[in-house]
Structure formats: structure tokens, C-alpha cells
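Coordinates as given in query_26.cif (mmCIF, C-alpha atoms (C1' of nucleotides)):
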```cif
data_target
loop_
_atom_site.label_atom_id
_atom_site.label_comp_id
_atom_site.auth_asym_id
_atom_site.auth_seq_id
_atom_site.Cartn_x
_atom_site.Cartn_y
_atom_site.Cartn_z
CA MET H 1 16.89 -34.70 -1.05
CA ALA H 2 16.45 -31.17 0.17
CA TYR H 3 14.32 -28.11 -0.46
CA TRP H 4 15.41 -24.59 -1.29
CA LEU H 5 14.11 -21.17 -2.21
CA MET H 6 15.84 -19.04 -4.81
CA LYS H 7 15.05 -15.43 -5.58
CA THR H 8 15.00 -14.05 -9.07
CA GLU H 9 13.95 -10.84 -10.65
CA PRO H 10 11.40 -11.86 -13.26
CA ASP H 11 13.02 -9.47 -15.74
CA GLU H 12 16.12 -11.66 -15.47
CA CYS H 13 14.69 -15.15 -15.22
CA SER H 14 11.01 -15.65 -14.43
CA ILE H 15 9.08 -18.86 -13.92
CA ASP H 16 7.83 -18.36 -17.49
CA ASP H 17 11.39 -18.22 -18.75
CA LEU H 18 12.06 -21.52 -17.00
CA ALA H 19 8.89 -22.97 -18.50
CA ASN H 20 9.78 -21.78 -21.98
CA ALA H 21 13.23 -23.32 -21.72
CA ALA H 22 11.82 -26.70 -20.64
CA PRO H 23 12.64 -29.49 -21.08
CA ALA H 24 16.07 -27.87 -21.17
CA ALA H 25 17.54 -26.66 -17.92
CA VAL H 26 18.60 -23.10 -17.13
CA ILE H 27 21.93 -22.04 -15.63
CA TRP H 28 21.35 -20.32 -12.30
CA GLU H 29 24.25 -17.91 -12.42
CA GLY H 30 25.21 -14.58 -10.98
CA VAL H 31 24.93 -15.38 -7.28
CA ARG H 32 27.50 -13.13 -5.64
CA ASN H 33 26.94 -13.67 -1.96
CA TYR H 34 29.01 -16.15 0.02
CA GLN H 35 26.22 -17.47 2.20
CA ALA H 36 23.99 -18.03 -0.81
CA ARG H 37 26.87 -19.66 -2.67
CA ASN H 38 27.51 -22.01 0.22
CA PHE H 39 23.91 -23.14 0.11
CA MET H 40 24.21 -23.71 -3.63
CA ARG H 41 27.22 -25.92 -2.97
CA GLN H 42 25.03 -28.09 -0.76
CA MET H 43 22.47 -28.62 -3.50
CA GLN H 44 22.18 -32.06 -4.99
CA VAL H 45 20.61 -33.33 -8.17
CA GLY H 46 16.92 -33.89 -7.51
CA ASP H 47 16.59 -31.20 -4.85
CA GLU H 48 13.49 -29.08 -5.30
CA VAL H 49 13.47 -25.30 -5.47
CA LEU H 50 10.82 -22.66 -4.91
CA ILE H 51 11.12 -19.92 -7.51
CA TYR H 52 10.54 -16.54 -5.86
CA HIS H 53 9.95 -13.37 -7.85
CA SER H 54 11.46 -10.29 -6.21
CA SER H 55 11.74 -6.60 -7.03
CA CYS H 56 8.66 -6.58 -9.22
CA LYS H 57 4.93 -5.96 -9.27
CA MET H 58 3.83 -9.42 -8.13
CA ILE H 59 6.19 -10.46 -5.36
CA GLY H 60 6.02 -14.06 -4.17
CA VAL H 61 6.57 -17.71 -4.98
CA ALA H 62 5.67 -18.34 -8.60
CA GLY H 63 6.38 -22.05 -8.99
CA THR H 64 8.96 -24.76 -8.55
CA ALA H 65 11.98 -26.21 -10.29
CA LYS H 66 14.46 -28.94 -9.58
CA VAL H 67 18.22 -29.13 -9.50
CA VAL H 68 19.56 -31.12 -12.44
CA LYS H 69 23.25 -30.27 -12.08
CA ALA H 70 25.07 -29.67 -8.82
CA ALA H 71 27.29 -26.66 -8.20
CA TYR H 72 30.05 -25.89 -10.69
CA SER H 73 32.16 -22.85 -11.50
CA ASP H 74 29.95 -19.97 -12.65
CA PRO H 75 31.29 -19.02 -16.12
CA THR H 76 30.10 -15.40 -15.85
CA GLN H 77 32.69 -14.60 -13.18
CA PHE H 78 35.43 -14.86 -15.83
CA ASP H 79 33.53 -13.03 -18.58
CA SER H 80 34.69 -9.44 -18.63
CA GLN H 81 31.65 -8.52 -20.71
CA SER H 82 29.27 -9.84 -18.08
CA SER H 83 27.80 -7.69 -15.34
CA TYR H 84 28.64 -10.63 -13.06
CA PHE H 85 32.34 -10.45 -13.90
CA ASP H 86 34.62 -10.71 -10.88
CA ALA H 87 38.19 -9.65 -11.60
CA LYS H 88 39.37 -11.08 -8.31
CA SER H 89 38.16 -14.59 -8.98
CA LYS H 90 40.94 -16.96 -10.00
CA LYS H 91 40.47 -19.76 -12.47
CA GLU H 92 42.34 -22.20 -10.28
CA ASN H 93 40.10 -21.33 -7.36
CA PRO H 94 36.80 -19.89 -8.57
CA ARG H 95 34.82 -17.88 -6.09
CA TRP H 96 31.35 -18.36 -7.48
CA ASP H 97 29.26 -21.31 -8.43
CA ALA H 98 26.22 -21.92 -10.59
CA VAL H 99 23.73 -24.78 -10.64
CA ASP H 100 21.40 -25.94 -13.39
CA VAL H 101 17.68 -26.00 -12.64
CA LYS H 102 14.78 -27.30 -14.66
CA PHE H 103 11.19 -26.16 -14.64
CA VAL H 104 8.73 -28.32 -12.73
CA GLN H 105 5.54 -26.31 -12.37
CA LYS H 106 4.07 -22.83 -12.34
CA PHE H 107 1.51 -22.11 -9.65
CA LYS H 108 -1.97 -21.30 -10.96
CA GLN H 109 -1.71 -18.22 -8.81
CA LEU H 110 1.48 -16.76 -7.45
CA LEU H 111 1.67 -17.11 -3.66
CA PRO H 112 2.21 -13.52 -2.56
CA LEU H 113 4.75 -12.42 0.03
CA ASP H 114 2.08 -11.03 2.36
CA ALA H 115 0.31 -14.40 2.34
CA ILE H 116 3.60 -16.11 3.18
CA LYS H 117 4.18 -13.65 6.02
CA ALA H 118 0.70 -14.40 7.38
CA MET H 119 1.20 -18.18 7.54
CA PRO H 120 2.13 -19.48 11.00
CA ALA H 121 4.03 -22.40 9.45
CA LEU H 122 6.40 -20.01 7.67
CA GLN H 123 7.47 -17.70 10.46
CA GLU H 124 10.94 -19.26 10.58
CA LEU H 125 11.57 -19.00 6.86
CA ALA H 126 14.61 -16.80 6.29
CA LEU H 127 12.65 -14.98 3.61
CA VAL H 128 10.32 -13.34 6.10
CA LYS H 129 12.93 -12.46 8.70
CA LYS H 130 13.48 -8.76 8.94
CA GLY H 131 16.19 -7.42 6.72
CA ASN H 132 16.98 -10.76 5.18
CA ARG H 133 18.71 -10.46 1.84
CA LEU H 134 19.73 -14.01 1.16
CA SER H 135 19.00 -14.97 -2.42
CA VAL H 136 19.33 -18.71 -1.84
CA MET H 137 18.03 -20.30 1.34
CA PRO H 138 17.04 -23.68 2.72
CA VAL H 139 13.41 -24.61 3.21
CA SER H 140 12.27 -27.36 5.58
CA GLU H 141 10.03 -30.12 4.38
CA ALA H 142 7.19 -28.76 6.53
CA GLU H 143 7.63 -25.30 5.02
CA TRP H 144 7.74 -26.77 1.55
CA ARG H 145 4.47 -28.57 2.12
CA ALA H 146 2.85 -25.51 3.64
CA ILE H 147 3.78 -23.41 0.62
CA LEU H 148 2.63 -25.95 -1.94
CA GLY H 149 -0.56 -26.47 0.06
CA ALA H 150 -1.24 -22.74 0.07
CA ALA H 151 -0.67 -22.73 -3.68
CA GLY H 152 -3.33 -25.43 -4.04
CA ILE H 153 -0.96 -28.27 -4.88
"C1'" DG S 1 12.45 6.77 -5.91
"C1'" DC S 2 13.14 6.10 -1.00
"C1'" DC S 3 15.57 4.12 2.55
"C1'" DA S 4 16.52 0.48 6.16
"C1'" DA S 5 19.22 -3.32 6.56
"C1'" DC S 6 22.82 -5.74 5.35
"C1'" DG S 7 27.47 -7.44 3.16
"C1'" DT S 8 31.94 -6.06 1.57
"C1'" DT S 9 36.01 -3.33 1.35
"C1'" DG S 10 40.10 -1.29 2.79
"C1'" DG S 11 42.79 1.82 5.86
"C1'" DC S 12 44.74 1.63 10.10
"C1'" DG B 1 40.97 -7.54 13.63
"C1'" DC B 2 38.29 -3.33 13.98
"C1'" DC B 3 35.09 -0.41 11.94
"C1'" DA B 4 33.64 3.53 8.91
"C1'" DA B 5 32.45 4.13 4.35
"C1'" DC B 6 30.38 2.44 0.62
"C1'" DG B 7 27.46 -0.36 -2.50
"C1'" DT B 8 23.53 -3.43 -2.92
"C1'" DT B 9 19.15 -5.54 -1.94
"C1'" DG B 10 14.45 -5.43 -2.06
"C1'" DG B 11 9.93 -4.09 -0.08
"C1'" DC B 12 7.19 -0.25 -0.04
#
```

As C-alpha cells:
Amino acid sequence: MAYWLMKTEPDECSIDDLANAAPAAVIWEGVRNYQARNFMRQMQVGDEVLIYHSSCKMIGVAGTAKVVKAAYSDPTQFDSQSSYFDAKSKKENPRWDAVDVKFVQKFKQLLPLDAIKAMPALQELALVKKGNRLSVMPVSEAEWRAILGAAGI
DNA sequence: GCCAACGTTGGC
DNA sequence: GCCAACGTTGGC
């Protein structure tokens, strides 16, 4: 049982989109970074995920979800119509993986990035390290608790 | 829209 | 295997 943070642009897949899909899960696809992919491959069913909204008006952690299907071949890499298409990925050895995640909760108030940066307990979070561009990253149990505590949960 | 920081690519 | 050029990310 582990904790993670995943970034999403709310235009693509917001916490509300996850909530609207519930109780169905959502395919977390389109990750095209090897480090992020490797973290996804470590995810196990039941792991919990912070949903982080990036590149938008209200930047921060918006809620949580949980992994309901471990990593499998991301179908969009073979779809030439998809913006995630990767011509160099081979069917017999796919480069990219997806996981399925299911909505758990939306925070009453989004926990903003500047609040996260100000919390002593979160100084080691990859998210707040300078220049960090990882879209999937591990979160320690202490960090998880600090974030949920700050969100009033 | 800007731009710093980073990851990836490809020539050598 | 180096590294310059390029493309992308993502906060501001």
C-alpha cells in the first residue's frame, strides 16, 4: 500500500471528471515520461493517489483517488489518431503504461501549491523541488497525512 | 505569452 | 557516449 501524486490538467481530466465517472474508474493514460512510467509500474491496486491540478487557474491538490487496476499497456500509444500516439512503440514491447484510478474524494477546498510550498512537512516532496516536471511521483505516508490534514480531512 | 528547467533526440 | 539542438512542462 503506497501513496502517489499525479498531475493532470483539469481541462483533460479534473477531479470533477473523476467524480462524474464514479463509480466507474478512469484510464490514466498519456504519460510519456520514463521516470513517471516507472512509478506507475510500481503502483498496486489499493494505492492512494493525490490528484493535482496543473497549468490552470487554481493550481494544487484537488482531491484523491485510488488505483483499481495496476499498470498495463497504454492503448493510446498505438492509436495513430491520438495525440499520445508513439510510432516507435512496438506492440510486442510497449513503451508506455496506463493505470485505472477511481474517484475517492474531492477536497472541500483545493489545497493550493503555495500552501504546499509553505508546509515544513512537504519540503521533500518532488513537486516543490525546483524545476521538477515529474507528472507521477511517490508520496510518503507522513506527506500524505500532512496534505490530507491541511485539506481538513 | 514568457521563459527557466528539464528530457529526448540524433549526429558525430 | 558526448553534447548541442530541440521540444515540452508548468508556474508566473

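Those residues returned by the PyMOL selection byres ((chain S) within 9 of (chain H)) for this file are DA4, DA5, DC6 and DG7 of chain S.
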
Deliver the residues from the most recent selection as a file, using C-alpha atoms (C1' of nucleotides), as a tab-separated table (two decimals), keeping the file's coordinate frame.
```tsv
chain	number	residue	atom	x	y	z
S	4	DA	C1'	16.52	0.48	6.16
S	5	DA	C1'	19.22	-3.32	6.56
S	6	DC	C1'	22.82	-5.74	5.35
S	7	DG	C1'	27.47	-7.44	3.16
```

Requested in this report: Using only C-alpha atoms (C1' of nucleotides), determine which residues lie at most 10 Å from range 70-81 of chain H, disregarding the query and same-chain residues fewer than 2 positions distant; provide the list as a ChimeraX atom specification.
Outcome: /H:27-32,37-47,67-68,83-91,93-101

Could you save the residues just selected, with C-alpha atoms, as a PDB file, keeping the file's coordinate frame?
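This is the output file result.pdb:
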```pdb
ATOM      1  CA  ILE H  27      21.930 -22.040 -15.630  1.00  0.00           C
ATOM      2  CA  TRP H  28      21.350 -20.320 -12.300  1.00  0.00           C
ATOM      3  CA  GLU H  29      24.250 -17.910 -12.420  1.00  0.00           C
ATOM      4  CA  GLY H  30      25.210 -14.580 -10.980  1.00  0.00           C
ATOM      5  CA  VAL H  31      24.930 -15.380  -7.280  1.00  0.00           C
ATOM      6  CA  ARG H  32      27.500 -13.130  -5.640  1.00  0.00           C
ATOM      7  CA  ARG H  37      26.870 -19.660  -2.670  1.00  0.00           C
ATOM      8  CA  ASN H  38      27.510 -22.010   0.220  1.00  0.00           C
ATOM      9  CA  PHE H  39      23.910 -23.140   0.110  1.00  0.00           C
ATOM     10  CA  MET H  40      24.210 -23.710  -3.630  1.00  0.00           C
ATOM     11  CA  ARG H  41      27.220 -25.920  -2.970  1.00  0.00           C
ATOM     12  CA  GLN H  42      25.030 -28.090  -0.760  1.00  0.00           C
ATOM     13  CA  MET H  43      22.470 -28.620  -3.500  1.00  0.00           C
ATOM     14  CA  GLN H  44      22.180 -32.060  -4.990  1.00  0.00           C
ATOM     15  CA  VAL H  45      20.610 -33.330  -8.170  1.00  0.00           C
ATOM     16  CA  GLY H  46      16.920 -33.890  -7.510  1.00  0.00           C
ATOM     17  CA  ASP H  47      16.590 -31.200  -4.850  1.00  0.00           C
ATOM     18  CA  VAL H  67      18.220 -29.130  -9.500  1.00  0.00           C
ATOM     19  CA  VAL H  68      19.560 -31.120 -12.440  1.00  0.00           C
ATOM     20  CA  SER H  83      27.800  -7.690 -15.340  1.00  0.00           C
ATOM     21  CA  TYR H  84      28.640 -10.630 -13.060  1.00  0.00           C
ATOM     22  CA  PHE H  85      32.340 -10.450 -13.900  1.00  0.00           C
ATOM     23  CA  ASP H  86      34.620 -10.710 -10.880  1.00  0.00           C
ATOM     24  CA  ALA H  87      38.190  -9.650 -11.600  1.00  0.00           C
ATOM     25  CA  LYS H  88      39.370 -11.080  -8.310  1.00  0.00           C
ATOM     26  CA  SER H  89      38.160 -14.590  -8.980  1.00  0.00           C
ATOM     27  CA  LYS H  90      40.940 -16.960 -10.000  1.00  0.00           C
ATOM     28  CA  LYS H  91      40.470 -19.760 -12.470  1.00  0.00           C
ATOM     29  CA  ASN H  93      40.100 -21.330  -7.360  1.00  0.00           C
ATOM     30  CA  PRO H  94      36.800 -19.890  -8.570  1.00  0.00           C
ATOM     31  CA  ARG H  95      34.820 -17.880  -6.090  1.00  0.00           C
ATOM     32  CA  TRP H  96      31.350 -18.360  -7.480  1.00  0.00           C
ATOM     33  CA  ASP H  97      29.260 -21.310  -8.430  1.00  0.00           C
ATOM     34  CA  ALA H  98      26.220 -21.920 -10.590  1.00  0.00           C
ATOM     35  CA  VAL H  99      23.730 -24.780 -10.640  1.00  0.00           C
ATOM     36  CA  ASP H 100      21.400 -25.940 -13.390  1.00  0.00           C
ATOM     37  CA  VAL H 101      17.680 -26.000 -12.640  1.00  0.00           C
TER      38      VAL H 101
END
```

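With only C-alpha atoms (C1' of nucleotides) as the atoms that count, the residue of H:Met6, H:Ile59, H:Ala150, H:Leu110 with the shortest distance to DG11 in chain B is H:Ile59.
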
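CA of Lys102 in chain H to CA of Asn20 in chain H spans 10.4 Å [interatomic distance, one decimal].
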
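The gap separating C1' of DC2 in chain S from C1' of DC12 in chain B is 8.8 Å, in Å to one decimal.
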
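Minimum atom-to-atom distances from H:Cys56, H:Leu111, H:Val136, H:Val104 to DG10 in chain B were compared using all atoms listed in the file, and the lowest value belongs to H:Cys56.
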
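Note that the spacing between CA of Ala118 in chain H and CA of Gln35 in chain H amounts to 26.2 Å.
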
Requested in this report: Tell me which protein, DNA and RNA residues are within 10 Å of Ala115 in chain H, counting all atoms listed in the file, leaving out same-chain ones fewer than 6 positions away, and put them as a PyMOL selection string.
Outcome: chain H and resi 60+122+147+150

**Report entry** Hits of the PyMOL selection byres ((chain H and resi 142) around 12) in this structure, as a ChimeraX atom specification
**Finding:** /H:2-3,120-125,138-141,143-149

Would you mind putting N, CA, C and O atoms back on range 103-116 of chain H and writing the result as a compact mmCIF listing (two decimals), keeping the file's coordinate frame?
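Produced file selection_39.txt, reproduced below:
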```txt
# COMPACT_ATOMS: atom_id res chain seq x y z
N PHE H 103 12.59 -26.46 -14.97
CA PHE H 103 11.19 -26.16 -14.64
C PHE H 103 10.43 -27.40 -14.19
O PHE H 103 10.55 -28.46 -14.81
N VAL H 104 9.64 -27.25 -13.13
CA VAL H 104 8.73 -28.32 -12.73
C VAL H 104 7.28 -27.87 -12.91
O VAL H 104 6.50 -28.50 -13.61
N GLN H 105 6.93 -26.76 -12.25
CA GLN H 105 5.54 -26.31 -12.37
C GLN H 105 5.45 -24.81 -12.07
O GLN H 105 6.26 -24.25 -11.35
N LYS H 106 4.42 -24.21 -12.66
CA LYS H 106 4.07 -22.83 -12.34
C LYS H 106 2.78 -22.87 -11.54
O LYS H 106 1.83 -23.59 -11.91
N PHE H 107 2.74 -22.14 -10.44
CA PHE H 107 1.51 -22.11 -9.65
C PHE H 107 0.40 -21.43 -10.46
O PHE H 107 0.67 -20.46 -11.19
N LYS H 108 -0.83 -21.93 -10.28
CA LYS H 108 -1.97 -21.30 -10.96
C LYS H 108 -2.04 -19.84 -10.57
O LYS H 108 -2.33 -18.98 -11.39
N GLN H 109 -1.80 -19.61 -9.28
CA GLN H 109 -1.71 -18.22 -8.81
C GLN H 109 -0.46 -18.10 -7.97
O GLN H 109 -0.20 -18.93 -7.11
N LEU H 110 0.29 -17.03 -8.24
CA LEU H 110 1.48 -16.76 -7.45
C LEU H 110 1.09 -16.63 -5.97
O LEU H 110 0.05 -16.06 -5.65
N LEU H 111 1.92 -17.21 -5.10
CA LEU H 111 1.67 -17.11 -3.66
C LEU H 111 2.38 -15.85 -3.16
O LEU H 111 3.60 -15.81 -3.08
N PRO H 112 1.60 -14.82 -2.83
CA PRO H 112 2.21 -13.52 -2.56
C PRO H 112 2.97 -13.48 -1.23
O PRO H 112 2.65 -14.22 -0.30
N LEU H 113 3.93 -12.57 -1.18
CA LEU H 113 4.75 -12.42 0.03
C LEU H 113 3.89 -12.16 1.26
O LEU H 113 4.15 -12.71 2.33
N ASP H 114 2.86 -11.34 1.15
CA ASP H 114 2.08 -11.03 2.36
C ASP H 114 1.31 -12.25 2.84
O ASP H 114 1.09 -12.41 4.05
N ALA H 115 0.95 -13.15 1.92
CA ALA H 115 0.31 -14.40 2.34
C ALA H 115 1.32 -15.30 3.06
O ALA H 115 1.00 -15.93 4.07
N ILE H 116 2.54 -15.32 2.54
CA ILE H 116 3.60 -16.11 3.18
C ILE H 116 3.86 -15.58 4.59
O ILE H 116 3.96 -16.35 5.54
```
